[in-house]
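Trainee: I'm passing along my_file21.cif; it holds mmCIF, C-alpha atoms and all ligand atoms.
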```
data_run
loop_
_atom_site.group_PDB
_atom_site.id
_atom_site.type_symbol
_atom_site.label_atom_id
_atom_site.label_comp_id
_atom_site.auth_asym_id
_atom_site.auth_seq_id
_atom_site.Cartn_x
_atom_site.Cartn_y
_atom_site.Cartn_z
ATOM 1 C CA MET A 935 0.000 0.000 0.000
ATOM 2 C CA LEU A 936 2.807 2.432 0.888
ATOM 3 C CA THR A 937 4.469 1.997 -2.488
ATOM 4 C CA GLN A 938 1.148 2.819 -4.160
ATOM 5 C CA LEU A 939 0.765 5.943 -2.036
ATOM 6 C CA GLU A 940 4.290 7.130 -2.802
ATOM 7 C CA ARG A 941 3.794 6.408 -6.490
ATOM 8 C CA ARG A 942 0.651 8.525 -6.450
ATOM 9 C CA GLY A 943 2.530 11.479 -4.979
ATOM 10 C CA ILE A 944 2.203 11.235 -1.195
ATOM 11 C CA ARG A 945 5.589 12.555 -0.045
ATOM 12 C CA ASP A 946 4.926 13.566 3.560
ATOM 13 C CA THR A 947 7.046 11.096 5.538
ATOM 14 C CA ARG A 948 5.071 11.562 8.774
ATOM 15 C CA VAL A 949 1.840 10.731 6.950
ATOM 16 C CA LEU A 950 3.435 7.714 5.250
ATOM 17 C CA GLU A 951 4.694 6.502 8.629
ATOM 18 C CA ALA A 952 1.195 6.847 10.147
ATOM 19 C CA MET A 953 -0.303 4.963 7.176
ATOM 20 C CA ARG A 954 2.260 2.207 7.744
ATOM 21 C CA LYS A 955 1.609 2.041 11.476
ATOM 22 C CA VAL A 956 -2.213 2.066 11.584
ATOM 23 C CA LYS A 957 -3.439 -1.350 10.476
ATOM 24 C CA ARG A 958 -6.509 -0.824 8.295
ATOM 25 C CA HIS A 959 -7.780 -4.387 8.794
ATOM 26 C CA HIS A 960 -8.754 -3.473 12.385
ATOM 27 C CA PHE A 961 -11.254 -0.952 11.003
ATOM 28 C CA VAL A 962 -12.653 -2.996 8.111
ATOM 29 C CA ASP A 963 -15.725 -5.228 8.291
ATOM 30 C CA PRO A 964 -14.610 -8.907 8.709
ATOM 31 C CA ALA A 965 -16.257 -9.786 5.378
ATOM 32 C CA PHE A 966 -13.838 -7.434 3.561
ATOM 33 C CA ARG A 967 -10.710 -8.030 5.635
ATOM 34 C CA ASP A 968 -8.854 -9.730 2.769
ATOM 35 C CA ARG A 969 -9.205 -6.450 0.840
ATOM 36 C CA ALA A 970 -8.170 -4.189 3.745
ATOM 37 C CA TYR A 971 -4.948 -3.127 2.008
ATOM 38 C CA ASP A 972 -6.422 -2.550 -1.442
ATOM 39 C CA ASP A 973 -6.449 1.112 -2.403
ATOM 40 C CA THR A 974 -10.231 1.278 -2.467
ATOM 41 C CA PRO A 975 -13.110 2.399 -0.244
ATOM 42 C CA LEU A 976 -14.953 -0.529 1.382
ATOM 43 C CA PRO A 977 -18.491 -0.850 2.761
ATOM 44 C CA ILE A 978 -19.113 -0.494 6.496
ATOM 45 C CA ASP A 979 -22.521 -0.617 8.257
ATOM 46 C CA GLU A 980 -25.408 1.800 7.615
ATOM 47 C CA GLY A 981 -24.605 1.998 3.889
ATOM 48 C CA GLN A 982 -21.437 4.018 4.616
ATOM 49 C CA THR A 983 -17.800 3.480 3.613
ATOM 50 C CA ILE A 984 -14.284 3.445 4.988
ATOM 51 C CA SER A 985 -12.414 5.837 2.693
ATOM 52 C CA GLN A 986 -9.780 4.846 0.157
ATOM 53 C CA PRO A 987 -6.252 4.898 1.689
ATOM 54 C CA TYR A 988 -4.948 7.299 -0.982
ATOM 55 C CA VAL A 989 -7.702 9.803 -0.189
ATOM 56 C CA VAL A 990 -7.074 9.430 3.562
ATOM 57 C CA ALA A 991 -3.346 10.044 3.023
ATOM 58 C CA ARG A 992 -3.904 13.001 0.702
ATOM 59 C CA MET A 993 -6.452 14.758 2.929
ATOM 60 C CA THR A 994 -4.231 14.148 5.961
ATOM 61 C CA SER A 995 -1.120 15.531 4.303
ATOM 62 C CA LEU A 996 -2.987 18.646 3.043
ATOM 63 C CA LEU A 997 -3.938 19.408 6.661
ATOM 64 C CA GLU A 998 -0.228 19.818 7.574
ATOM 65 C CA LEU A 999 -0.870 18.335 11.032
ATOM 66 C CA GLN A 1000 1.343 19.441 13.915
ATOM 67 C CA PRO A 1001 1.924 17.457 17.132
ATOM 68 C CA SER A 1002 0.121 20.197 19.130
ATOM 69 C CA ASP A 1003 -2.981 20.300 16.894
ATOM 70 C CA LYS A 1004 -6.550 19.902 18.120
ATOM 71 C CA VAL A 1005 -8.500 18.438 15.208
ATOM 72 C CA LEU A 1006 -12.222 18.079 14.525
ATOM 73 C CA GLU A 1007 -13.360 15.289 12.218
ATOM 74 C CA ILE A 1008 -16.922 15.048 10.919
ATOM 75 C CA GLY A 1009 -17.871 11.496 9.898
ATOM 76 C CA THR A 1010 -16.077 9.027 12.199
ATOM 77 C CA GLY A 1011 -17.279 6.050 10.126
ATOM 78 C CA SER A 1012 -14.915 3.162 10.941
ATOM 79 C CA GLY A 1013 -12.524 5.328 12.995
ATOM 80 C CA TYR A 1014 -9.619 4.722 10.570
ATOM 81 C CA GLN A 1015 -9.083 8.350 9.548
ATOM 82 C CA ALA A 1016 -9.345 9.391 13.217
ATOM 83 C CA ALA A 1017 -6.569 6.892 14.088
ATOM 84 C CA ILE A 1018 -4.299 8.284 11.358
ATOM 85 C CA ILE A 1019 -4.857 11.836 12.652
ATOM 86 C CA ALA A 1020 -4.331 10.655 16.240
ATOM 87 C CA GLU A 1021 -0.821 9.522 15.231
ATOM 88 C CA LEU A 1022 0.065 13.019 14.030
ATOM 89 C CA ALA A 1023 -1.863 15.466 16.221
ATOM 90 C CA HIS A 1024 -2.442 16.095 19.914
ATOM 91 C CA LYS A 1025 -6.147 15.328 20.086
ATOM 92 C CA VAL A 1026 -8.956 14.334 17.729
ATOM 93 C CA PHE A 1027 -12.629 15.131 18.281
ATOM 94 C CA SER A 1028 -14.787 13.124 15.902
ATOM 95 C CA ILE A 1029 -18.557 13.187 15.352
ATOM 96 C CA GLU A 1030 -20.631 10.442 13.721
ATOM 97 C CA ARG A 1031 -24.385 10.525 13.129
ATOM 98 C CA HIS A 1032 -24.890 6.739 13.317
ATOM 99 C CA MET A 1033 -24.615 5.331 16.847
ATOM 100 C CA SER A 1034 -23.869 1.793 15.580
ATOM 101 C CA LEU A 1035 -20.822 3.039 13.640
ATOM 102 C CA LEU A 1036 -19.682 5.147 16.554
ATOM 103 C CA GLN A 1037 -19.759 2.140 18.887
ATOM 104 C CA LYS A 1038 -17.742 -0.024 16.494
ATOM 105 C CA ALA A 1039 -15.243 2.773 15.917
ATOM 106 C CA ARG A 1040 -14.844 3.268 19.674
ATOM 107 C CA LYS A 1041 -14.150 -0.439 20.109
ATOM 108 C CA ALA A 1042 -11.561 -0.507 17.306
ATOM 109 C CA LEU A 1043 -9.851 2.645 18.627
ATOM 110 C CA ASP A 1044 -9.811 1.302 22.203
ATOM 111 C CA GLU A 1045 -8.335 -1.997 21.025
ATOM 112 C CA GLN A 1046 -5.542 -0.034 19.332
ATOM 113 C CA ALA A 1047 -5.088 2.043 22.528
ATOM 114 C CA TYR A 1048 -5.940 5.442 21.050
ATOM 115 C CA THR A 1049 -6.530 7.556 24.141
ATOM 116 C CA ASN A 1050 -6.443 10.891 22.289
ATOM 117 C CA VAL A 1051 -9.620 10.364 20.233
ATOM 118 C CA VAL A 1052 -12.886 11.701 21.659
ATOM 119 C CA LEU A 1053 -16.068 10.567 19.895
ATOM 120 C CA LYS A 1054 -19.669 11.676 20.005
ATOM 121 C CA GLN A 1055 -22.871 10.839 18.203
ATOM 122 C CA GLY A 1056 -24.642 13.763 16.597
ATOM 123 C CA ASP A 1057 -24.956 16.104 13.644
ATOM 124 C CA GLY A 1058 -21.409 17.148 12.835
ATOM 125 C CA THR A 1059 -22.513 20.002 10.577
ATOM 126 C CA ILE A 1060 -23.077 22.092 13.710
ATOM 127 C CA GLY A 1061 -19.598 21.231 14.984
ATOM 128 C CA TRP A 1062 -18.537 20.852 18.598
ATOM 129 C CA ALA A 1063 -18.691 24.329 20.151
ATOM 130 C CA GLU A 1064 -17.581 23.130 23.582
ATOM 131 C CA PHE A 1065 -14.062 22.316 22.294
ATOM 132 C CA ALA A 1066 -13.767 24.990 19.575
ATOM 133 C CA PRO A 1067 -11.746 26.580 18.127
ATOM 134 C CA PHE A 1068 -9.888 23.820 16.296
ATOM 135 C CA ASP A 1069 -6.506 24.038 14.554
ATOM 136 C CA LYS A 1070 -7.732 21.782 11.758
ATOM 137 C CA ILE A 1071 -11.112 20.464 10.601
ATOM 138 C CA ILE A 1072 -11.714 17.537 8.251
ATOM 139 C CA ILE A 1073 -15.109 16.544 6.876
ATOM 140 C CA THR A 1074 -15.147 13.027 5.461
ATOM 141 C CA ALA A 1075 -18.573 13.252 3.803
ATOM 142 C CA ALA A 1076 -19.718 15.423 0.897
ATOM 143 C CA ALA A 1077 -21.077 18.850 1.863
ATOM 144 C CA PRO A 1078 -23.658 20.488 -0.410
ATOM 145 C CA LYS A 1079 -22.353 23.988 0.356
ATOM 146 C CA PHE A 1080 -19.761 25.942 2.316
ATOM 147 C CA PRO A 1081 -19.971 24.697 5.955
ATOM 148 C CA LYS A 1082 -20.376 28.034 7.739
ATOM 149 C CA THR A 1083 -20.736 26.850 11.337
ATOM 150 C CA LEU A 1084 -17.705 24.588 11.061
ATOM 151 C CA PHE A 1085 -15.707 27.462 9.557
ATOM 152 C CA SER A 1086 -16.666 29.587 12.575
ATOM 153 C CA GLN A 1087 -15.118 26.889 14.819
ATOM 154 C CA LEU A 1088 -11.763 26.983 12.990
ATOM 155 C CA LYS A 1089 -8.838 28.934 14.504
ATOM 156 C CA ASP A 1090 -7.465 31.910 12.654
ATOM 157 C CA GLN A 1091 -4.906 30.576 10.112
ATOM 158 C CA GLY A 1092 -6.339 27.087 10.674
ATOM 159 C CA LEU A 1093 -6.985 24.666 7.805
ATOM 160 C CA MET A 1094 -10.188 22.855 6.890
ATOM 161 C CA ILE A 1095 -10.583 20.199 4.191
ATOM 162 C CA PHE A 1096 -13.804 18.761 2.799
ATOM 163 C CA PRO A 1097 -15.454 17.402 -0.336
ATOM 164 C CA MET A 1098 -18.125 19.761 -1.709
ATOM 165 C CA GLY A 1099 -20.675 19.072 -4.401
ATOM 166 C CA GLU A 1100 -23.157 16.662 -5.875
ATOM 167 C CA MET A 1101 -23.805 13.027 -5.012
ATOM 168 C CA ARG A 1102 -21.357 11.121 -7.223
ATOM 169 C CA MET A 1103 -18.287 13.325 -7.643
ATOM 170 C CA GLN A 1104 -17.169 16.263 -5.583
ATOM 171 C CA GLU A 1105 -14.383 18.806 -5.529
ATOM 172 C CA LEU A 1106 -11.984 18.457 -2.617
ATOM 173 C CA VAL A 1107 -11.726 21.917 -1.061
ATOM 174 C CA LEU A 1108 -8.930 23.173 1.198
ATOM 175 C CA ILE A 1109 -9.634 26.319 3.184
ATOM 176 C CA GLN A 1110 -7.354 28.505 5.223
ATOM 177 C CA ARG A 1111 -8.999 30.877 7.647
ATOM 178 C CA ASN A 1112 -7.634 34.409 7.488
ATOM 179 C CA GLY A 1113 -9.641 36.431 9.989
ATOM 180 C CA GLU A 1114 -13.211 36.271 8.718
ATOM 181 C CA GLU A 1115 -12.028 35.411 5.218
ATOM 182 C CA ALA A 1116 -11.835 31.884 3.795
ATOM 183 C CA ILE A 1117 -8.984 31.407 1.352
ATOM 184 C CA MET A 1118 -10.198 28.552 -0.795
ATOM 185 C CA LYS A 1119 -8.296 26.128 -3.030
ATOM 186 C CA GLU A 1120 -9.691 23.238 -5.071
ATOM 187 C CA VAL A 1121 -7.321 20.286 -4.811
ATOM 188 C CA GLY A 1122 -8.904 17.507 -6.879
ATOM 189 C CA GLN A 1123 -11.948 15.346 -7.449
ATOM 190 C CA VAL A 1124 -13.216 12.774 -4.968
ATOM 191 C CA SER A 1125 -16.273 10.633 -4.360
ATOM 192 C CA PHE A 1126 -17.740 10.582 -0.844
ATOM 193 C CA VAL A 1127 -21.038 9.616 0.755
ATOM 194 C CA PRO A 1128 -23.208 12.644 1.592
ATOM 195 C CA LEU A 1129 -22.969 14.807 4.682
ATOM 196 C CA VAL A 1130 -26.477 14.646 6.117
ATOM 197 C CA GLY A 1131 -27.628 17.232 8.635
ATOM 198 C CA ARG A 1132 -28.748 20.755 9.422
ATOM 199 C CA GLU A 1133 -26.038 22.314 7.228
ATOM 200 C CA GLY A 1134 -25.697 19.273 4.993
ATOM 201 C CA TRP A 1135 -28.019 17.356 2.690
ATOM 202 C CA ALA A 1136 -31.551 16.737 3.911
ATOM 203 C CA ASN A 1137 -32.045 13.105 4.947
ATOM 204 C CA ASN A 1138 -34.834 12.566 2.400
ATOM 205 C CA THR A 1139 -32.712 13.738 -0.562
ATOM 206 C CA VAL A 1140 -30.078 10.997 -0.181
HETATM 207 N N1 LIG B 1201 -13.704 8.878 8.170
HETATM 208 C C1 LIG B 1201 -14.333 7.611 7.993
HETATM 209 C C2 LIG B 1201 -13.400 6.454 8.130
HETATM 210 O O1 LIG B 1201 -12.190 6.664 8.300
HETATM 211 O O2 LIG B 1201 -13.894 5.309 8.105
HETATM 212 C C3 LIG B 1201 -15.095 7.501 6.699
HETATM 213 C C4 LIG B 1201 -16.297 8.302 6.735
HETATM 214 S S1 LIG B 1201 -17.621 7.847 5.668
HETATM 215 C C5 LIG B 1201 -16.943 8.160 4.090
HETATM 216 C C6 LIG B 1201 -18.665 9.242 6.027
HETATM 217 C C7 LIG B 1201 -19.302 9.199 7.395
HETATM 218 O O3 LIG B 1201 -19.924 10.455 7.639
HETATM 219 C C8 LIG B 1201 -20.407 8.163 7.516
HETATM 220 O O4 LIG B 1201 -20.107 7.290 8.572
HETATM 221 C C9 LIG B 1201 -21.651 8.986 7.795
HETATM 222 O O5 LIG B 1201 -22.571 8.345 8.639
HETATM 223 C C10 LIG B 1201 -21.067 10.222 8.427
HETATM 224 N N2 LIG B 1201 -21.903 11.417 8.395
HETATM 225 C C11 LIG B 1201 -22.667 11.908 7.376
HETATM 226 N N3 LIG B 1201 -23.267 13.056 7.760
HETATM 227 C C12 LIG B 1201 -22.862 13.309 9.041
HETATM 228 C C13 LIG B 1201 -23.120 14.348 9.968
HETATM 229 N N4 LIG B 1201 -23.911 15.379 9.701
HETATM 230 N N5 LIG B 1201 -22.521 14.286 11.176
HETATM 231 C C14 LIG B 1201 -21.718 13.242 11.496
HETATM 232 N N6 LIG B 1201 -21.429 12.230 10.663
HETATM 233 C C15 LIG B 1201 -21.982 12.266 9.442
#
```
How does the structure come out when it is put into structure tokens?
Ligand code: SAM

Mentor:
Amino acid sequence: MLTQLERRGIRDTRVLEAMRKVKRHHFVDPAFRDRAYDDTPLPIDEGQTISQPYVVARMTSLLELQPSDKVLEIGTGSGYQAAIIAELAHKVFSIERHMSLLQKARKALDEQAYTNVVLKQGDGTIGWAEFAPFDKIIITAAAPKFPKTLFSQLKDQGLMIFPMGEMRMQELVLIQRNGEEAIMKEVGQVSFVPLVGREGWANNTV
């Protein structure tokens, strides 16, 4: 898997080391465990997916994580992305809307002894005001529009990354907060499941 990632342009050695260290098979459904190291998304419960390793590595490296960073993730899913961030940052706060996924993710993270990942069930589009502001924010589901509340919970000069757009393909957007201004860069095309919630897609449209 690492060779594939390097071949596809992931150069950040800290990210590559985290991708080597975190064993993806711990986060994959037993039925798909033989494909855990394929560079592909795989189904998890509730019709959701564990993201493709390349996309995890790319989004992580674009966040330029620092050991002191407090990071908010929206869309815990399997907990795999949270574990990768936990290797590189101080603390991860991650929100998942499906309780069943959250419970499985908690179990997998506990088994791997990740003590710096805090999880909660809820609508991540409204963020986690109690622990804001965050140095970095990552949304691992596709937002229909600019996530205003999450932006308001980002530190000045902080970075936020998220897919934005329609159901099948989205643009991966990297934002740097500069005061009240969002400096926005499009960094490629991705395909994520929808972000469902108050500032996401309505549940009945997906
Ligand atoms: N980061 C995950 C991983 O490493 O396995 C993959 C996430 S999966 C592509 C997207 C997740 O976002 C799904 O588990 C979905 O239930 C969740 N989700 C969608 N809308 C959400 C919302 N408003 N708040 C929290 N989680 C949400």

Trainee: As a quick test: using all atoms listed in the file, which residues lie no more than 9 Å away from ligand LIG 1201 (chain B)? Give them as a ChimeraX atom specification.

Mentor: /A:961-962,975-976,978-986,990,1007-1018,1028-1033,1035-1036,1039,1054-1061,1072-1077,1125-1135

Trainee: Excluding same-chain residues fewer than 6 positions from Arg941 (chain A), what lies within 12 Å of it counting all atoms listed in the file, as a PyMOL selection string?

Mentor: chain A and resi 935+950+988

Trainee: Apply the PyMOL selection byres (((chain A and resi 1124) around 7) and not hetatm) to the displayed file and report the matching residues as a list in words.

Mentor: Pro1097, Met1103, Gln1104, Glu1105, Leu1106, Gly1122, Gln1123, Ser1125 and Phe1126 of chain A

Trainee: Which one of A:Glu1045, A:Glu1114, A:Glu1064, A:Glu998 sits closest to Met1094 (chain A) if you count only C-alpha atoms?

Mentor: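 Closest to Met1094 (chain A) of all the choices is A:Glu998.
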
Trainee: Using CA of Pro1067 (chain A) and CA of Lys1089 (chain A) as the two end points, give the distance in Å to one decimal.

Mentor: 5.2 Å

Trainee: So how many Å separate CA of Val1107 (chain A) and CA of Arg958 (chain A), to one decimal?

Mentor: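 Going from CA of Val1107 (chain A) over to CA of Arg958 (chain A), I get 25.1 Å.
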
Trainee: How many Å separate CA of Val1121 (chain A) from CA of Leu996 (chain A)?

Mentor: 9.1 Å

Trainee: Take the PyMOL selection byres (((chain A and resi 999) around 9) and not hetatm), apply it to the structure above, and return the hits as JSON, numbers by chain.

Mentor: {"A": [994, 995, 996, 997, 998, 1000, 1001, 1002, 1003, 1005, 1019, 1022, 1023, 1069, 1070]}

Trainee: Is it possible to get the residues within 12 Å of (-4.4, 5.1, -2.1) (coordinates as in the file, counting only C-alpha atoms) written as a list in words?

Mentor: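 Residues with an atom close enough to that point: Met935, Leu936, Thr937, Gln938, Leu939, Glu940, Arg941, Arg942, Gly943, Ile944, Leu950, Met953, Ala970, Tyr971, Asp972, Asp973, Thr974, Pro975, Ser985, Gln986, Pro987, Tyr988, Val989, Val990, Ala991, Arg992 and Met993 of chain A.
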
Trainee: From the set A:Leu1006, A:Arg1102, A:Gln1110, A:Met1118, which residue has the shortest atom-to-atom contact distance to Ala1020 (chain A), counting only C-alpha atoms?

Mentor: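 Looking at the shortest contact to Ala1020 (chain A), the residue is A:Leu1006.
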
Trainee: Between A:Glu1100, A:Arg1040, A:Val1051, A:Lys1004, which residue has the minimum interatomic distance to Leu1088 (chain A), considering all atoms listed in the file?

Mentor: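 Of A:Glu1100, A:Arg1040, A:Val1051, A:Lys1004, the one nearest Leu1088 (chain A), counting all atoms listed in the file, is A:Lys1004.
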
Trainee: Just checking: using only C-alpha atoms, which residue out of A:Lys1079, A:Leu1053, A:Lys1119, A:Leu1093 ends up closest to Gln1037 (chain A)?

Mentor: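 Answer, going by the shortest atom-to-atom distance: A:Leu1053.
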